[in-house]
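Peer 1: Okay, so here is start20.txt, and as you'll see once you scroll down, it has compact mmCIF, C-alpha atoms.
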# COMPACT_ATOMS: atom_id res chain seq x y z
CA MET A 1 -14.26 -19.49 19.25
CA THR A 2 -14.24 -19.37 15.45
CA THR A 3 -13.59 -15.78 14.38
CA HIS A 4 -13.94 -16.11 10.61
CA PRO A 5 -15.07 -18.65 8.02
CA PHE A 6 -11.50 -19.71 7.20
CA PHE A 7 -10.52 -20.43 10.82
CA HIS A 8 -9.97 -24.15 10.28
CA VAL A 9 -8.98 -23.99 6.60
CA THR A 10 -5.42 -25.05 5.79
CA HIS A 11 -5.89 -26.27 2.21
CA VAL A 12 -8.55 -26.27 -0.50
CA ALA A 13 -8.43 -27.72 -3.98
CA THR A 14 -9.59 -24.56 -5.73
CA LEU A 15 -10.34 -21.13 -4.34
CA GLY A 16 -13.48 -20.53 -6.38
CA ALA A 17 -15.21 -23.66 -5.12
CA ALA A 18 -14.25 -22.85 -1.53
CA LEU A 19 -15.67 -19.35 -1.78
CA ASP A 20 -18.94 -20.65 -3.23
CA ARG A 21 -19.21 -23.08 -0.33
CA LEU A 22 -18.42 -20.56 2.40
CA GLY A 23 -20.42 -17.52 1.33
CA THR A 24 -21.36 -15.14 -1.46
CA VAL A 25 -18.84 -13.38 -3.68
CA PHE A 26 -20.09 -9.81 -4.08
CA GLN A 27 -17.10 -8.32 -5.88
CA ARG A 28 -14.15 -9.46 -7.99
CA PHE A 29 -10.87 -7.64 -8.57
CA GLU A 30 -9.20 -9.02 -11.69
CA GLU A 31 -7.55 -5.99 -13.28
CA GLN A 32 -4.25 -5.95 -11.42
CA ASP A 33 -0.88 -6.76 -12.97
CA SER A 34 0.38 -8.63 -9.90
CA GLY A 35 -0.89 -12.01 -11.05
CA CYS A 36 -3.37 -12.05 -8.16
CA ILE A 37 -7.16 -12.16 -8.22
CA SER A 38 -9.13 -10.90 -5.21
CA TYR A 39 -12.72 -11.23 -4.05
CA GLY A 40 -15.13 -9.58 -1.69
CA LEU A 41 -16.82 -12.40 0.22
CA LEU A 42 -19.96 -12.07 2.35
CA VAL A 43 -20.38 -14.67 5.11
CA SER A 44 -23.08 -14.45 7.78
CA GLY A 45 -23.39 -10.71 7.40
CA ARG A 46 -19.66 -10.02 7.54
CA ARG A 47 -17.46 -9.08 4.58
CA TRP A 48 -13.96 -10.35 3.85
CA PHE A 49 -11.26 -9.57 1.29
CA VAL A 50 -9.78 -12.75 -0.15
CA LYS A 51 -6.68 -12.61 -2.35
CA GLY A 52 -5.20 -15.55 -4.22
CA SER A 53 -2.74 -16.42 -6.94
CA SER A 54 -1.51 -19.46 -8.85
CA THR A 55 1.24 -17.70 -10.83
CA PRO A 56 4.87 -17.98 -9.67
CA ALA A 57 5.23 -14.22 -9.23
CA GLY A 58 1.92 -13.92 -7.41
CA ILE A 59 2.66 -16.82 -5.09
CA SER A 60 6.06 -15.36 -4.22
CA SER A 61 4.45 -12.01 -3.47
CA LEU A 62 1.75 -13.51 -1.24
CA ARG A 63 4.27 -15.55 0.70
CA ARG A 64 6.28 -12.40 1.24
CA ALA A 65 3.13 -10.74 2.55
CA VAL A 66 2.68 -13.50 5.13
CA SER A 67 6.20 -12.91 6.41
CA PHE A 68 5.60 -9.15 6.54
CA HIS A 69 2.38 -9.41 8.54
CA GLU A 70 3.96 -11.83 11.00
CA ARG A 71 6.32 -9.05 12.05
CA VAL A 72 4.45 -5.80 11.36
CA SER A 73 1.17 -4.78 12.96
CA HIS A 74 -0.26 -1.27 12.93
CA SER A 75 -3.71 0.27 13.23
CA SER A 76 -3.35 1.85 9.76
CA ILE A 77 -2.30 -1.38 8.03
CA VAL A 78 -5.08 -3.81 7.07
CA PRO A 79 -4.20 -6.95 9.09
CA LEU A 80 -3.79 -10.42 7.63
CA GLU A 81 -6.30 -12.77 9.26
CA ARG A 82 -5.41 -16.07 7.62
CA SER A 83 -3.39 -17.75 4.87
CA PHE A 84 -3.74 -21.19 3.32
CA ALA A 85 -2.82 -23.18 0.24
CA THR A 86 -4.73 -24.37 -2.80
CA ASP A 87 -3.65 -27.17 -5.11
CA ASP A 88 -1.75 -24.66 -7.22
CA GLY A 89 -1.41 -21.49 -5.19
CA VAL A 90 -1.69 -19.39 -2.03
CA VAL A 91 -4.62 -17.48 -0.52
CA LEU A 92 -4.67 -14.61 1.97
CA VAL A 93 -7.72 -13.48 3.95
CA TYR A 94 -8.17 -9.94 5.26
CA PRO A 95 -11.08 -8.17 6.92
CA TRP A 96 -13.02 -6.02 4.48
CA MET A 97 -12.32 -2.32 5.00
CA ASN A 98 -14.57 0.49 3.87
CA GLY A 99 -12.95 2.98 1.57
CA GLU A 100 -11.70 3.57 -1.94
CA VAL A 101 -8.27 2.87 -3.37
CA LEU A 102 -6.70 6.10 -4.62
CA TYR A 103 -5.64 4.54 -7.94
CA HIS A 104 -7.31 3.00 -10.96
CA PRO A 105 -6.89 -0.69 -11.93
CA THR A 106 -3.44 -1.32 -13.38
CA LEU A 107 -4.51 -3.36 -16.41
CA SER A 108 -7.50 -1.52 -17.84
CA ARG A 109 -6.38 1.88 -16.49
CA HIS A 110 -10.06 2.76 -16.46
CA GLY A 111 -10.55 6.24 -15.13
CA GLY A 112 -7.43 7.97 -13.83
CA ARG A 113 -6.15 9.97 -10.90
CA ALA A 114 -6.95 13.34 -12.47
CA VAL A 115 -10.46 12.48 -13.68
CA PRO A 116 -13.04 14.60 -11.80
CA GLY A 117 -14.83 12.42 -9.28
CA SER A 118 -12.07 9.82 -9.14
CA PRO A 119 -10.93 8.78 -5.63
CA MET A 120 -7.62 10.63 -5.96
CA ALA A 121 -9.24 13.78 -7.34
CA ARG A 122 -11.72 13.78 -4.44
CA PHE A 123 -8.95 13.15 -1.95
CA ARG A 124 -6.98 16.11 -3.25
CA GLU A 125 -10.03 18.30 -2.76
CA GLN A 126 -10.09 17.55 0.98
CA PRO A 127 -9.16 20.33 3.42
CA LEU A 128 -5.47 20.33 4.28
CA PRO A 129 -5.99 19.16 7.90
CA ARG A 130 -7.53 15.94 6.53
CA ILE A 131 -4.65 15.51 4.09
CA HIS A 132 -2.22 16.01 6.97
CA SER A 133 -4.07 13.43 9.06
CA ALA A 134 -3.91 10.88 6.24
CA LEU A 135 -0.19 11.50 5.82
CA THR A 136 0.32 11.10 9.57
CA SER A 137 -1.28 7.64 9.33
CA ILE A 138 1.05 6.73 6.46
CA PHE A 139 4.11 7.91 8.37
CA SER A 140 3.05 6.19 11.57
CA ALA A 141 2.61 2.89 9.74
CA HIS A 142 6.04 3.20 8.16
CA LEU A 143 7.65 3.87 11.51
CA ALA A 144 6.42 0.39 12.45
CA VAL A 145 7.73 -0.91 9.12
CA GLU A 146 11.14 0.62 9.79
CA GLU A 147 11.26 -0.67 13.37
CA ALA A 148 10.57 -4.20 12.11
CA GLY A 149 13.48 -3.97 9.69
CA PHE A 150 11.53 -3.71 6.43
CA VAL A 151 11.87 -1.38 3.48
CA ALA A 152 8.95 -0.14 1.37
CA VAL A 153 8.78 -1.77 -2.07
CA ASP A 154 5.95 -1.17 -4.57
CA PHE A 155 4.27 1.41 -2.35
CA TYR A 156 2.09 3.78 -4.35
CA ASP A 157 -1.44 5.21 -4.30
CA GLY A 158 -2.82 1.77 -5.12
CA CYS A 159 -1.85 0.81 -1.56
CA MET A 160 -3.85 3.69 -0.07
CA LEU A 161 -7.42 2.94 0.96
CA TYR A 162 -9.25 6.10 2.02
CA ASP A 163 -12.61 6.17 3.76
CA PHE A 164 -14.25 9.45 2.75
CA ASP A 165 -16.98 9.08 5.38
CA GLU A 166 -14.69 8.44 8.34
CA HIS A 167 -11.74 10.38 6.87
CA ARG A 168 -9.46 7.46 7.60
CA MET A 169 -6.42 6.26 5.67
CA MET A 170 -5.59 2.54 5.65
CA LEU A 171 -2.73 0.81 3.84
CA CYS A 172 -3.15 -2.45 1.97
CA ASP A 173 -1.31 -4.68 -0.51
CA LEU A 174 2.12 -4.23 1.07
CA ASP A 175 3.08 -7.61 -0.36
CA GLU A 176 6.45 -6.59 -1.78
CA TYR A 177 7.93 -5.08 1.40
CA ARG A 178 11.26 -6.74 2.17
CA ASP A 179 13.89 -7.16 4.84
CA ALA A 180 16.51 -4.44 4.61
CA PRO A 181 19.20 -3.60 3.92
CA PHE A 182 19.84 -5.65 0.80
CA VAL A 183 21.67 -5.33 -2.50
CA LEU A 184 19.46 -5.29 -5.60
CA GLU A 185 20.29 -8.36 -7.67
CA THR A 186 17.88 -7.61 -10.51
CA ASP A 187 17.57 -4.69 -12.90
CA ARG A 188 14.52 -3.26 -11.17
CA LEU A 189 12.25 -3.68 -8.18
CA PRO A 190 8.48 -3.69 -8.74
CA GLY A 191 6.74 -0.38 -8.30
CA SER A 192 5.47 2.86 -9.77
CA THR A 193 8.14 5.17 -11.14
CA ARG A 194 6.25 8.08 -9.56
CA PHE A 195 7.25 6.76 -6.12
CA MET A 196 10.47 4.84 -6.74
CA ALA A 197 13.93 5.90 -5.62
CA PRO A 198 16.68 5.84 -8.27
CA GLU A 199 18.44 2.92 -6.59
CA GLN A 200 15.38 0.74 -7.05
CA SER A 201 16.18 0.61 -10.77
CA ALA A 202 19.93 0.00 -10.53
CA ARG A 203 21.32 -3.51 -10.19
CA GLY A 204 23.91 -3.72 -7.42
CA SER A 205 22.55 -0.73 -5.48
CA LEU A 206 21.92 -0.75 -1.74
CA ILE A 207 18.26 -0.73 -0.69
CA ASP A 208 17.75 0.47 2.87
CA THR A 209 15.58 2.73 5.00
CA ARG A 210 16.65 5.78 2.97
CA THR A 211 14.85 4.15 0.06
CA THR A 212 11.67 4.22 2.13
CA VAL A 213 12.41 7.87 2.94
CA PHE A 214 12.45 8.68 -0.79
CA THR A 215 9.14 6.86 -1.37
CA LEU A 216 7.52 8.72 1.52
CA GLY A 217 8.89 12.00 0.21
CA ARG A 218 7.23 11.30 -3.12
CA THR A 219 4.05 10.44 -1.22
CA LEU A 220 4.13 13.89 0.36
CA ARG A 221 4.74 15.54 -2.99
CA LEU A 222 1.89 13.76 -4.75
CA LEU A 223 -0.76 13.87 -2.03
CA MET A 224 -0.14 17.51 -1.16
CA ASP A 225 -0.64 18.63 -4.76
CA ALA A 226 -4.00 19.69 -6.18
CA GLY A 227 -3.28 18.04 -9.52
CA ASP A 228 -1.40 15.21 -11.15
CA GLU A 229 1.27 17.28 -12.88
CA GLU A 230 2.93 18.51 -9.66
CA LYS A 231 2.26 22.15 -10.47
CA GLN A 232 -0.27 22.97 -7.73
CA TRP A 233 1.56 22.48 -4.44
CA ARG A 234 -0.80 23.10 -1.52
CA GLY A 235 1.84 23.13 1.19
CA THR A 236 4.28 25.71 2.52
CA PRO A 237 7.86 26.42 1.36
CA GLU A 238 9.09 24.76 4.56
CA GLN A 239 7.16 21.62 3.72
CA MET A 240 8.53 21.62 0.18
CA ALA A 241 12.03 21.82 1.64
CA VAL A 242 11.33 18.62 3.57
CA VAL A 243 10.12 16.94 0.39
CA ARG A 244 13.24 17.95 -1.50
CA ALA A 245 15.52 16.66 1.23
CA ALA A 246 13.64 13.36 1.37
CA THR A 247 13.81 12.87 -2.40
CA ALA A 248 17.43 13.79 -3.02
CA THR A 249 18.89 11.64 -5.78
CA ALA A 250 21.86 10.58 -3.67
CA PRO A 251 20.70 8.47 -0.70
CA GLU A 252 23.30 9.98 1.63
CA ARG A 253 21.71 13.41 1.14
CA ARG A 254 18.28 12.26 2.34
CA PHE A 255 16.97 11.96 5.87
CA SER A 256 18.71 8.99 7.45
CA SER A 257 15.51 7.34 8.69
CA VAL A 258 11.74 7.43 8.51
CA ARG A 259 11.77 8.77 12.07
CA SER A 260 13.90 11.77 11.14
CA LEU A 261 11.71 12.48 8.10
CA ALA A 262 8.51 12.17 10.14
CA ASP A 263 9.88 14.53 12.80
CA ALA A 264 10.95 17.10 10.21
CA TRP A 265 7.56 16.96 8.50
CA GLN A 266 5.64 17.21 11.76
CA ALA A 267 7.59 20.34 12.67
CA THR A 268 6.13 22.08 9.59
CA ILE A 269 2.46 21.39 10.38
Turn the structure described in the file into structure tokens.

Peer 2:
Amino acid sequence: MTTHPFFHVTHVATLGAALDRLGTVFQRFEEQDSGCISYGLLVSGRRWFVKGSSTPAGISSLRRAVSFHERVSHSSIVPLERSFATDDGVVLVYPWMNGEVLYHPTLSRHGGRAVPGSPMARFREQPLPRIHSALTSIFSAHLAVEEAGFVAVDFYDGCMLYDFDEHRMMLCDLDEYRDAPFVLETDRLPGSTRFMAPEQSARGSLIDTRTTVFTLGRTLRLLMDAGDEEKQWRGTPEQMAVVRAATATAPERRFSSVRSLADAWQATI
């Protein structure tokens, strides 16, 4: 039985024409620096998230995403339903998920995390048990990532989709996640400096699961703060100690795995 409008699609000449033929585009996302353009598509009463690119960097990223989703599946990660080619690019199809991304568009930078009423500001106003639940979802997803042999790359609040009605955290746009360990052969991996480990900006450094540990430690630090300047920590001293251990500059001083970090954090809740 056909489960979505792209079930039999393997190639289209252009994405725009295909979307017009299949349904109604109700939203466009064009303000990202990834080289990708995404659409909200309505077909027969059901909504889809369609992401495509024709730039070399964007195509490489989307192909990496296909490989990632072939090996990683988790209830808190938006699943990839379909991928296909265009004459000059690649397209990915995901189910539409309710919620709001906890970051502003990367090109226009309209709004901001600290602006009252922004998704991140509203998230930080949630009671701590809801923050803890969201963090548990993030950790649980990254346990699956670790088990599959991947390391988190370019994970930041733009990958966090929070449903304020259902109080549910979903992760999306994990396109840059990569097999680990590996040695960095460029000057820098993609990502937000707020979340990146030092080795992600050092050619020749080893990238492994301790890099993911650092990123998750920064996630704890930023989501458990009431503001954007990291001066309003809402957690306990014991929880801050976990954060500091996870974000040690030297990888060998961090937790050795996502599992050990998750266990240490859970013991403080």

Peer 1: Using all atoms listed in the file, which residue out of A:His132, A:Arg21, A:His142, A:Arg124 lies closest to Gln232 in chain A?

Peer 2: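 Going through A:His132, A:Arg21, A:His142, A:Arg124 one by one, the smallest distance to Gln232 in chain A is for A:Arg124.
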
Peer 1: Grab the CA of Ser205 in chain A to CA of Ile59 in chain A distance for me, in Å with one decimal place.

Peer 2: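 One can read the CA of Ser205 in chain A to CA of Ile59 in chain A distance as 25.6 Å.
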
Peer 1: Which of these, A:Glu166, A:Arg194, A:His8, A:Val91, has the shortest distance to Glu229 in chain A once you count only C-alpha atoms?

Peer 2: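 Of the candidates, the smallest distance to Glu229 in chain A is held by A:Arg194.
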
Peer 1: Which residues are near Ser201 in chain A? Cut-off 12 Å, all atoms listed in the file, ignore same chain within fewer than 5 positions. Put them as a PyMOL selection string.

Peer 2: chain A and resi 153+183-193+195-196+206-207+211

Peer 1: Between A:Gln126, A:Ser140, A:Gln27, A:Thr209, which has the minimum distance to Ala262 in chain A (counting only C-alpha atoms)?

Peer 2: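 For Ala262 in chain A, the nearest of the candidates is A:Ser140.
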
Peer 1: Taking only C-alpha atoms into account, name the residue in A:Arg122, A:Arg46, A:Arg130, A:Lys51 that is nearest to Phe29 in chain A.

Peer 2: A:Lys51

Peer 1: Skipping near chain neighbours, those fewer than 4 positions away, what residues fall within 8 Å of Val50 in chain A using all atoms listed in the file, listed as a list in words?

Peer 2: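 Result of the neighbour search: Ser38, Tyr39, Gly40, Leu41, Val91, Leu92, Val93 and Tyr94 of chain A.
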
Peer 1: For Thr236 in chain A, which of A:Ile269, A:Leu216, A:Leu222, A:Ala202 is the closest residue, counting only C-alpha atoms?

Peer 2: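 Of all the options, A:Ile269 lies closest to Thr236 in chain A.
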